[in-house]
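K.L.:
This structure is in structure tokens; I'll ask about it shortly.
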Amino acid sequence: MNFRVSVMLALRFLGIGAGRTRSNARRSLYGAIAGIGISLVPLVIVLVVSDGMIEGISSRIIELSTTHFRVEDYTGDPGTGGTAEDFEQIARQLKDEDQTGRITATWCERQGIGIAIGPKGRSGATVRAVDPSFLAPGTAASDLLTVDSGTLDLSGGNGALIGRKLAADIGVSAGDSFRVLTMRTSPSGQSIPRFTTCTVRGVISSGYQEMDALWVFIPFSTGFRILSPELSSTFINVHVTEPFGSLEPVRHGLMRSAPAGFTVYTWKELNRSQFQSFNTTRTLLVFIMLLIVFIASINVSSALVMLVMERRKEIAILKSSGASPAGITMSFLLAGFLTGVGGLAAGLPAGILCSLHINDLFAFMERGLNLANRLAYVIGHAGGPAAGEPDTIRLLDPAYYLEVIPVHLQAGELFVIAAGTLVLSVLVSILPAVRAGQEKPLETLRKF
Amino acid sequence: MNNPVLELHSVCKSFFTGNEELRILDNLDLTIEGSSKTVIIGESGCGKSTLLNIIGGLETPTSGTVQAGPFSVHCLPEDELTRYRSSFLGLVFQFHYLLKDFTALENVMLPGYMAGMKKKEATERARALLADVRLEHRLEHYPSRLSGGERQRAAVARALINSPSLVLADEPTGNLDPANAAMVRDILFSVVSRYGSTLILVTHDRDIASLADTCYRLQDSRLVQQ
């Protein structure tokens, strides 16, 4: 019995070319197709959304926060006299001595903790004193930062760029002044506060509110003055081409060029715990979704068991007409496989479509939920005074997530989903298919 | 005398209920010549179908040997049984057992296709066979759209698709009205003759015996030539 016959039988079992014949088992198979299709939609969405979220957050962290490499004096003493110029000289040296050709930019940064004080209130802030070239047009930072008001220019004096959330919290906008409280340590070891008045040059957003709620950018020279070396850290940021590629050659080059006492950290080391957390969450979510697909695949098995029971007479007559047990088994395996293909054909495009429009879907669902919430609120207050508005429901609170989920379909992952689903469909079909192949023709024919 | 196409030696078949033995066939010897038409008659429940099932490899004898052409049917492994059924044997049952998801043409061509014929060749042969059984106008009809007689004629055509040396028919007219039964019977005998196959038909209808070259009666677990 050749493979083509098995394909022909499998197609007929699924009702393809079978005229208007009725079959309850076939209905179950269609149900299994729908089950696989439906279970694939959330799996694809979870993968695409989690990848998008991780990628979106990661790129912001890598480009705006830790950068690709950080060259830092681990002794805590700059060792070169400790002036801003010394650090700038090291930064230039690192770029000039690069032999890999991958370093695109180096700049100094001093980072410390402070309190931003505005007319509306005060809030803790991460004060980042950076070289203005970090935010120059055409850089990754300028691409990723959105300017709500003002400009992205940090050159000169006490100008500052402030995160959107922080600006809203302390009540400032472009052109306003606010004060930054930092600490320094006296020679006797006492902490002495220092107030510095800054002018808001621009209100910016990284799209990730955890960053927007903390960041105050000031010029490196100003930061070097107001942030004490004891209570802040000074380092040199390095940007390279292909930050997701091999970083070791660049690290070795930087280690050679950096003065004694400096060490080099890659972005992977600096963000290890965060990325570990992202990946663990993603793996767990994908695992749960895979369980749903697995359960849906079990439907294929039960539908095939029904099909075998229903088609015992046909199996018997096929065997008495010369069909081999292996051929019969193959027919039912193919029926299971084709059921998987059907589910895949329905679920994968639907999942991709939903993923591509995930932001619209969230917006639509939020609108629907808020409308229902408002209706419930109005009905709940019918006959009485309605005080204000109900709280707005946010499915993805931008305080903790990106405001817009970046969607990047990864062909490799989709391929793995497709292959996995098909393999699963075949695996769960093995038992009923083997059972079909072992049917004894006479025993069955006697019953009919 | 033609070469024998089937030889049964000392075939016994017993069924056991607890310690009680019910012997259905008792030391049967039978030799069937090639291209002959043999009818085995007997009362219902006398073991005619069991005998046919043993010859068809659907059932194994308790003892004895069954030699059908090159096949020692009584001891064939599963894969050889498949080859025996697809290359040497054609089966017609009392019920048509057509596959409901396949048209009449597909039902007939399928055993040929399964036996290794090209699809086109199997289809052409099935078309010719269906014409032989006067179903050329019903090729694309599903079994549910065929009458009882037409279904059984399609089953006859299906049994002949692989040009079997031996055709076994188990009460092929048992479920039909007299007119259809006569038509199926005539067609079966004439088509089997045309294709040069050997026919063994079991029935309790004595009238069919007149069409056979040889007629046996299965009585008291033994075959008696009539």
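Just remember, in the structure tokens the first chain shown is A, the second B, etc., residues are 1-based per chain, and ligands are 1-based in the order shown.
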Only residues of chain A matter here; which ones have an atom within 8 Å of chain B, counting only C-alpha atoms? Give them as a ChimeraX atom specification.
P.N.:
/A:1-2,5,12-13,15,17-19,21,313-314,317-324,441-442
K.L.:
Just to be explicit: take each residue in the selection above, keep C-alpha atoms, and write the result as a compact mmCIF listing (two decimals), in the first residue's frame.
P.N.:
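Writing the result to part12.txt gives the following:
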```txt
# COMPACT_ATOMS: atom_id res chain seq x y z
CA MET A 1 0.00 0.00 0.00
CA ASN A 2 1.72 3.13 -1.16
CA VAL A 5 -3.27 5.73 -0.99
CA ARG A 12 -11.44 11.23 2.89
CA PHE A 13 -11.47 10.64 6.64
CA GLY A 15 -14.18 14.79 4.50
CA GLY A 17 -13.66 14.83 -1.57
CA ALA A 18 -16.03 12.66 0.44
CA GLY A 19 -19.22 14.09 -0.98
CA THR A 21 -21.34 11.85 3.74
CA LYS A 313 -15.89 -1.51 9.15
CA GLU A 314 -13.99 0.46 6.51
CA ILE A 317 -12.86 -4.06 4.35
CA LEU A 318 -9.68 -2.24 3.37
CA LYS A 319 -7.60 -4.92 5.05
CA SER A 320 -9.57 -7.70 3.42
CA SER A 321 -8.98 -5.89 0.11
CA GLY A 322 -5.23 -5.95 0.62
CA ALA A 323 -4.45 -2.87 2.73
CA SER A 324 -1.45 -3.39 4.96
CA PRO A 441 -10.95 -7.62 9.76
CA LEU A 442 -13.01 -10.71 10.53
```
K.L.:
Contacts of B:Ser63 at 9 Å or less, counting only C-alpha atoms, minus same-chain residues fewer than 4 places along, as a list in words?
P.N.:
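The contact residues come out as Ser10, Val11, Cys12, Lys13, Asn27 and His74 of chain B.
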K.L.:
Give me the residues near stretch 212-215 of chain A as a ChimeraX atom specification, where near means some atom within 8 Å (using only C-alpha atoms) and where sequence neighbours in that chain fewer than 3 positions away do not count.
P.N.:
/A:124-128,162-166,204-209
K.L.:
Go ahead and write the residues just picked, N, CA and C atoms, as a JSON list (two decimals), in the first residue's frame.
P.N.:
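The result, written out as out_37.json:
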```json
[["chain", "number", "residue", "atom", "x", "y", "z"],
["A", 124, "GLY", "N", 12.44, 61.78, 44.20],
["A", 124, "GLY", "CA", 13.79, 61.24, 44.06],
["A", 124, "GLY", "C", 14.15, 61.14, 42.58],
["A", 125, "ALA", "N", 15.42, 61.37, 42.27],
["A", 125, "ALA", "CA", 15.83, 61.37, 40.87],
["A", 125, "ALA", "C", 17.22, 60.75, 40.73],
["A", 126, "THR", "N", 17.41, 60.15, 39.57],
["A", 126, "THR", "CA", 18.76, 59.71, 39.20],
["A", 126, "THR", "C", 19.35, 60.83, 38.35],
["A", 127, "VAL", "N", 20.35, 61.45, 38.88],
["A", 127, "VAL", "CA", 20.96, 62.57, 38.15],
["A", 127, "VAL", "C", 22.07, 62.02, 37.28],
["A", 128, "ARG", "N", 21.91, 62.22, 35.99],
["A", 128, "ARG", "CA", 22.90, 61.69, 35.04],
["A", 128, "ARG", "C", 23.60, 62.86, 34.36],
["A", 162, "ILE", "N", 14.57, 66.56, 31.58],
["A", 162, "ILE", "CA", 13.90, 65.86, 32.68],
["A", 162, "ILE", "C", 12.86, 64.89, 32.14],
["A", 163, "GLY", "N", 12.75, 63.74, 32.74],
["A", 163, "GLY", "CA", 11.80, 62.72, 32.30],
["A", 163, "GLY", "C", 10.35, 63.18, 32.44],
["A", 164, "ARG", "N", 9.52, 62.69, 31.56],
["A", 164, "ARG", "CA", 8.12, 63.14, 31.50],
["A", 164, "ARG", "C", 7.40, 62.96, 32.83],
["A", 165, "LYS", "N", 7.53, 61.77, 33.39],
["A", 165, "LYS", "CA", 6.80, 61.46, 34.63],
["A", 165, "LYS", "C", 7.32, 62.32, 35.78],
["A", 166, "LEU", "N", 8.64, 62.46, 35.83],
["A", 166, "LEU", "CA", 9.24, 63.27, 36.90],
["A", 166, "LEU", "C", 8.80, 64.73, 36.75],
["A", 204, "ILE", "N", 11.45, 65.00, 28.35],
["A", 204, "ILE", "CA", 11.69, 63.87, 27.43],
["A", 204, "ILE", "C", 11.00, 62.60, 27.95],
["A", 205, "SER", "N", 10.85, 61.66, 27.00],
["A", 205, "SER", "CA", 10.30, 60.35, 27.38],
["A", 205, "SER", "C", 11.04, 59.25, 26.65],
["A", 206, "SER", "N", 11.38, 58.23, 27.40],
["A", 206, "SER", "CA", 12.02, 57.05, 26.78],
["A", 206, "SER", "C", 10.96, 56.06, 26.33],
["A", 207, "GLY", "N", 9.69, 56.31, 26.69],
["A", 207, "GLY", "CA", 8.62, 55.36, 26.40],
["A", 207, "GLY", "C", 8.50, 54.30, 27.48],
["A", 208, "TYR", "N", 9.37, 54.37, 28.46],
["A", 208, "TYR", "CA", 9.37, 53.39, 29.55],
["A", 208, "TYR", "C", 9.36, 54.18, 30.85],
["A", 209, "GLN", "N", 8.22, 54.14, 31.53],
["A", 209, "GLN", "CA", 8.01, 55.11, 32.59],
["A", 209, "GLN", "C", 8.91, 54.93, 33.80]]
```
K.L.:
Using only C-alpha atoms, pick whichever of A:Ser302, A:Ser232, A:Asn158, A:Thr241 has the shortest atom-to-atom distance to A:Gly101.
P.N.:
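Of A:Ser302, A:Ser232, A:Asn158, A:Thr241, the one nearest A:Gly101, counting only C-alpha atoms, is A:Thr241.
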K.L.:
Could you name the residues that touch stretch 242-244 of chain A at 12 Å or less, counting only C-alpha atoms, but leaving out those on the same chain fewer than 3 positions away, as a list of chain:residue names?
P.N.:
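Listing them by chain and then by number gives A:Glu55, A:Ser58, A:Ser59, A:Ile62, A:Glu63, A:Thr67, A:His68, A:Phe69, A:Thr100, A:Gly101, A:Arg102, A:Ile103, A:Thr104, A:Val238, A:His239, A:Leu247, A:Glu248, A:Pro249, A:Val250, A:Arg251, A:Thr266, A:Trp267, A:Lys268.
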K.L.:
Find the residues around stretch 352-363 of chain A up to 7 Å (only C-alpha atoms counted), leave out those fewer than 2 positions away in its own chain, and share them as a list in words.
P.N.:
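Returned residues: Val44, Ile45, Val48, Leu348, Pro349, Ala350, Met365, Glu366, Arg367, Leu395, Val404, Ile405 and Val407 of chain A.
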K.L.:
Okay, now the selection with C-alpha atoms, as a PDB file, in the first residue's frame?
P.N.:
```
ATOM      1  CA  VAL A  44       1.798  33.475  19.061  1.00  0.00           C
ATOM      2  CA  ILE A  45       0.622  36.639  20.800  1.00  0.00           C
ATOM      3  CA  VAL A  48       5.435  38.253  19.869  1.00  0.00           C
ATOM      4  CA  LEU A 348      -1.051  30.907  12.977  1.00  0.00           C
ATOM      5  CA  PRO A 349      -2.398  33.625  10.636  1.00  0.00           C
ATOM      6  CA  ALA A 350      -4.964  34.596  13.265  1.00  0.00           C
ATOM      7  CA  MET A 365     -10.431  46.317  24.778  1.00  0.00           C
ATOM      8  CA  GLU A 366      -9.596  49.235  27.046  1.00  0.00           C
ATOM      9  CA  ARG A 367     -12.274  51.331  25.363  1.00  0.00           C
ATOM     10  CA  LEU A 395      -4.694  46.959  30.598  1.00  0.00           C
ATOM     11  CA  VAL A 404       3.376  50.996  22.763  1.00  0.00           C
ATOM     12  CA  ILE A 405       4.397  47.364  22.374  1.00  0.00           C
ATOM     13  CA  VAL A 407       5.883  44.125  17.325  1.00  0.00           C
TER      14      VAL A 407
END
```
K.L.:
Of the candidates A:Leu161, A:Ile236, A:Ser188, A:Gly35, which one gets nearest to A:Gly175 if we count only C-alpha atoms?
P.N.:
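Answer, going by the shortest atom-to-atom distance: A:Leu161.
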K.L.:
Per DSSP on the backbone, what are the alpha helix (DSSP H) residues of stretch 28-98 of chain A, as a VMD selection string?
P.N.:
chain A and resid 28 to 60 84 to 96
K.L.:
Keeping only N, CA and C atoms, write the selected residues to a file as a short mmCIF file (atom, residue, chain, number, x, y, z; two decimals), in the first residue's frame.
P.N.:
```
data_model
loop_
_atom_site.label_atom_id
_atom_site.label_comp_id
_atom_site.auth_asym_id
_atom_site.auth_seq_id
_atom_site.Cartn_x
_atom_site.Cartn_y
_atom_site.Cartn_z
N SER A 28 -15.77 15.86 15.22
CA SER A 28 -14.80 15.97 16.33
C SER A 28 -13.45 16.42 15.82
N LEU A 29 -13.07 15.92 14.63
CA LEU A 29 -11.79 16.34 14.06
C LEU A 29 -11.81 17.83 13.73
N TYR A 30 -12.95 18.29 13.21
CA TYR A 30 -13.07 19.73 12.92
C TYR A 30 -12.96 20.53 14.24
N GLY A 31 -13.56 19.96 15.29
CA GLY A 31 -13.46 20.60 16.61
C GLY A 31 -12.01 20.65 17.07
N ALA A 32 -11.27 19.57 16.79
CA ALA A 32 -9.85 19.53 17.18
C ALA A 32 -9.06 20.58 16.39
N ILE A 33 -9.42 20.73 15.10
CA ILE A 33 -8.76 21.76 14.28
C ILE A 33 -9.00 23.13 14.90
N ALA A 34 -10.26 23.38 15.25
CA ALA A 34 -10.59 24.68 15.86
C ALA A 34 -9.84 24.85 17.18
N GLY A 35 -9.77 23.76 17.96
CA GLY A 35 -9.08 23.83 19.26
C GLY A 35 -7.62 24.20 19.09
N ILE A 36 -6.95 23.54 18.14
CA ILE A 36 -5.53 23.85 17.91
C ILE A 36 -5.39 25.29 17.43
N GLY A 37 -6.27 25.66 16.50
CA GLY A 37 -6.21 27.02 15.96
C GLY A 37 -6.36 28.06 17.06
N ILE A 38 -7.36 27.85 17.90
CA ILE A 38 -7.63 28.83 18.97
C ILE A 38 -6.47 28.86 19.98
N SER A 39 -5.92 27.68 20.28
CA SER A 39 -4.83 27.66 21.28
C SER A 39 -3.55 28.28 20.73
N LEU A 40 -3.40 28.28 19.41
CA LEU A 40 -2.18 28.86 18.84
C LEU A 40 -2.19 30.39 18.90
N VAL A 41 -3.39 30.96 18.88
CA VAL A 41 -3.48 32.43 18.86
C VAL A 41 -2.79 33.04 20.09
N PRO A 42 -3.17 32.62 21.32
CA PRO A 42 -2.48 33.22 22.47
C PRO A 42 -0.99 32.89 22.52
N LEU A 43 -0.62 31.69 22.02
CA LEU A 43 0.81 31.34 22.04
C LEU A 43 1.61 32.31 21.18
N VAL A 44 1.10 32.55 19.96
CA VAL A 44 1.80 33.48 19.06
C VAL A 44 1.82 34.88 19.67
N ILE A 45 0.68 35.29 20.22
CA ILE A 45 0.62 36.64 20.80
C ILE A 45 1.62 36.77 21.96
N VAL A 46 1.63 35.76 22.83
CA VAL A 46 2.54 35.83 23.98
C VAL A 46 3.98 35.93 23.52
N LEU A 47 4.32 35.11 22.51
CA LEU A 47 5.70 35.15 22.02
C LEU A 47 6.04 36.52 21.43
N VAL A 48 5.15 36.99 20.56
CA VAL A 48 5.43 38.25 19.87
C VAL A 48 5.44 39.42 20.86
N VAL A 49 4.44 39.43 21.75
CA VAL A 49 4.35 40.53 22.71
C VAL A 49 5.53 40.50 23.68
N SER A 50 5.85 39.30 24.20
CA SER A 50 6.95 39.25 25.17
C SER A 50 8.27 39.60 24.49
N ASP A 51 8.45 39.10 23.26
CA ASP A 51 9.67 39.47 22.53
C ASP A 51 9.72 40.98 22.32
N GLY A 52 8.57 41.53 21.92
CA GLY A 52 8.50 42.98 21.66
C GLY A 52 8.78 43.79 22.91
N MET A 53 8.15 43.35 24.01
CA MET A 53 8.35 44.07 25.27
C MET A 53 9.80 43.98 25.72
N ILE A 54 10.35 42.75 25.67
CA ILE A 54 11.74 42.58 26.12
C ILE A 54 12.68 43.38 25.22
N GLU A 55 12.41 43.28 23.92
CA GLU A 55 13.28 44.00 22.98
C GLU A 55 13.17 45.51 23.19
N GLY A 56 11.92 45.96 23.36
CA GLY A 56 11.69 47.40 23.55
C GLY A 56 12.36 47.91 24.82
N ILE A 57 12.16 47.16 25.90
CA ILE A 57 12.74 47.60 27.18
C ILE A 57 14.26 47.45 27.13
N SER A 58 14.71 46.31 26.55
CA SER A 58 16.15 46.07 26.48
C SER A 58 16.85 47.16 25.69
N SER A 59 16.29 47.49 24.52
CA SER A 59 16.97 48.48 23.67
C SER A 59 17.04 49.83 24.38
N ARG A 60 16.00 50.15 25.13
CA ARG A 60 16.04 51.42 25.87
C ARG A 60 17.08 51.38 26.97
N ALA A 84 37.42 66.20 35.41
CA ALA A 84 36.54 65.87 34.28
C ALA A 84 37.36 65.70 33.02
N GLU A 85 38.37 66.52 32.88
CA GLU A 85 39.22 66.44 31.68
C GLU A 85 39.96 65.10 31.63
N ASP A 86 40.37 64.62 32.80
CA ASP A 86 41.06 63.33 32.83
C ASP A 86 40.16 62.22 32.27
N PHE A 87 38.92 62.23 32.72
CA PHE A 87 37.98 61.21 32.23
C PHE A 87 37.73 61.38 30.73
N GLU A 88 37.59 62.64 30.32
CA GLU A 88 37.35 62.88 28.88
C GLU A 88 38.54 62.42 28.06
N GLN A 89 39.75 62.58 28.62
CA GLN A 89 40.96 62.14 27.94
C GLN A 89 40.96 60.61 27.80
N ILE A 90 40.52 59.91 28.88
CA ILE A 90 40.47 58.43 28.82
C ILE A 90 39.44 57.99 27.78
N ALA A 91 38.32 58.68 27.75
CA ALA A 91 37.27 58.34 26.79
C ALA A 91 37.80 58.47 25.36
N ARG A 92 38.52 59.55 25.09
CA ARG A 92 39.08 59.75 23.74
C ARG A 92 40.10 58.65 23.43
N GLN A 93 40.90 58.33 24.45
CA GLN A 93 41.95 57.32 24.28
C GLN A 93 41.35 55.95 23.94
N LEU A 94 40.25 55.61 24.61
CA LEU A 94 39.60 54.31 24.35
C LEU A 94 39.14 54.22 22.90
N LYS A 95 38.63 55.33 22.39
CA LYS A 95 38.13 55.30 21.01
C LYS A 95 39.30 55.30 20.01
N ASP A 96 40.30 56.10 20.32
CA ASP A 96 41.42 56.22 19.39
C ASP A 96 42.20 54.90 19.27
#
```
K.L.:
Given only C-alpha atoms as the basis, pick out the residue of B:Gln152, B:Ser221, B:Ser163, B:Thr214 nearest to B:Tyr195.
P.N.:
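That would be B:Ser163, the residue with the smallest distance to B:Tyr195.
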K.L.:
Any idea what's packed within 10 Å of B:Asn180, counting only C-alpha atoms, ignoring anything in its chain fewer than 5 positions away? Could you give it as a ChimeraX atom specification?
P.N.:
/B:147-150,152-153,173,175,185-186
K.L.:
Would you pick out the contacts of stretch 420-432 of chain A at 10 Å or less, using only C-alpha atoms, so that residues sharing its chain but fewer than 5 positions from it are not included, and give the list as a PyMOL selection string?
P.N.:
chain A and resi 36+40+290+293-294+296-309+329-330+332-344+414-415+437-438
K.L.:
Assign secondary structure with DSSP using the backbone only, and return the residues of stretch 192-393 of chain A in strand (DSSP E) as a short mmCIF file (atom, residue, chain, number, x, y, z; two decimals) with C-alpha atoms, in the first residue's frame.
P.N.:
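selection-v9.cif was written with the following content:
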```
data_model
loop_
_atom_site.label_atom_id
_atom_site.label_comp_id
_atom_site.auth_asym_id
_atom_site.auth_seq_id
_atom_site.Cartn_x
_atom_site.Cartn_y
_atom_site.Cartn_z
CA ILE A 192 26.07 68.36 53.58
CA PRO A 193 23.18 69.11 51.23
CA ARG A 194 23.76 71.07 48.08
CA PHE A 195 21.00 72.82 46.12
CA THR A 196 21.50 73.54 42.46
CA THR A 197 19.01 75.44 40.36
CA CYS A 198 18.53 74.03 36.88
CA THR A 199 16.51 75.18 33.92
CA VAL A 200 14.38 72.66 32.06
CA ARG A 201 15.65 72.60 28.47
CA GLY A 202 13.35 69.78 27.50
CA VAL A 203 10.86 67.27 28.85
CA ILE A 204 11.69 63.87 27.43
CA SER A 205 10.30 60.35 27.38
CA TRP A 215 15.97 60.68 35.01
CA VAL A 216 17.42 64.16 35.13
CA PHE A 217 20.13 64.76 32.52
CA ILE A 218 22.59 67.54 33.14
CA PRO A 219 25.88 68.43 31.40
CA SER A 232 28.29 58.98 42.86
CA SER A 233 29.99 56.87 40.27
CA THR A 234 31.93 58.09 37.28
CA PHE A 235 32.53 55.94 34.24
CA ILE A 236 33.00 55.97 30.54
CA ASN A 237 30.23 54.69 28.31
CA VAL A 238 31.14 52.93 25.09
CA HIS A 239 28.86 52.36 22.12
CA VAL A 240 29.73 49.73 19.55
CA PHE A 262 39.73 50.33 35.41
CA THR A 263 37.55 47.42 34.54
CA VAL A 264 35.13 46.81 31.67
CA TYR A 265 31.54 45.60 32.00
CA THR A 266 29.35 44.54 29.08
#
```
K.L.:
With only C-alpha atoms as the atoms that count, which of B:Val192, B:Ile54, B:Val224, B:Leu168 lies nearest to B:Gln94?
P.N.:
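The shortest atom-to-atom distance to B:Gln94 comes from B:Leu168.
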K.L.:
Counting only C-alpha atoms, which of A:Arg70, A:Gln99, A:Asn279, A:Gly112 gets nearest to A:Leu231?
P.N.:
A:Gly112
K.L.:
Provide the atom CA of A:Val286 to atom CA of A:His408 distance in Å, to one decimal place.
P.N.:
16.6 Å
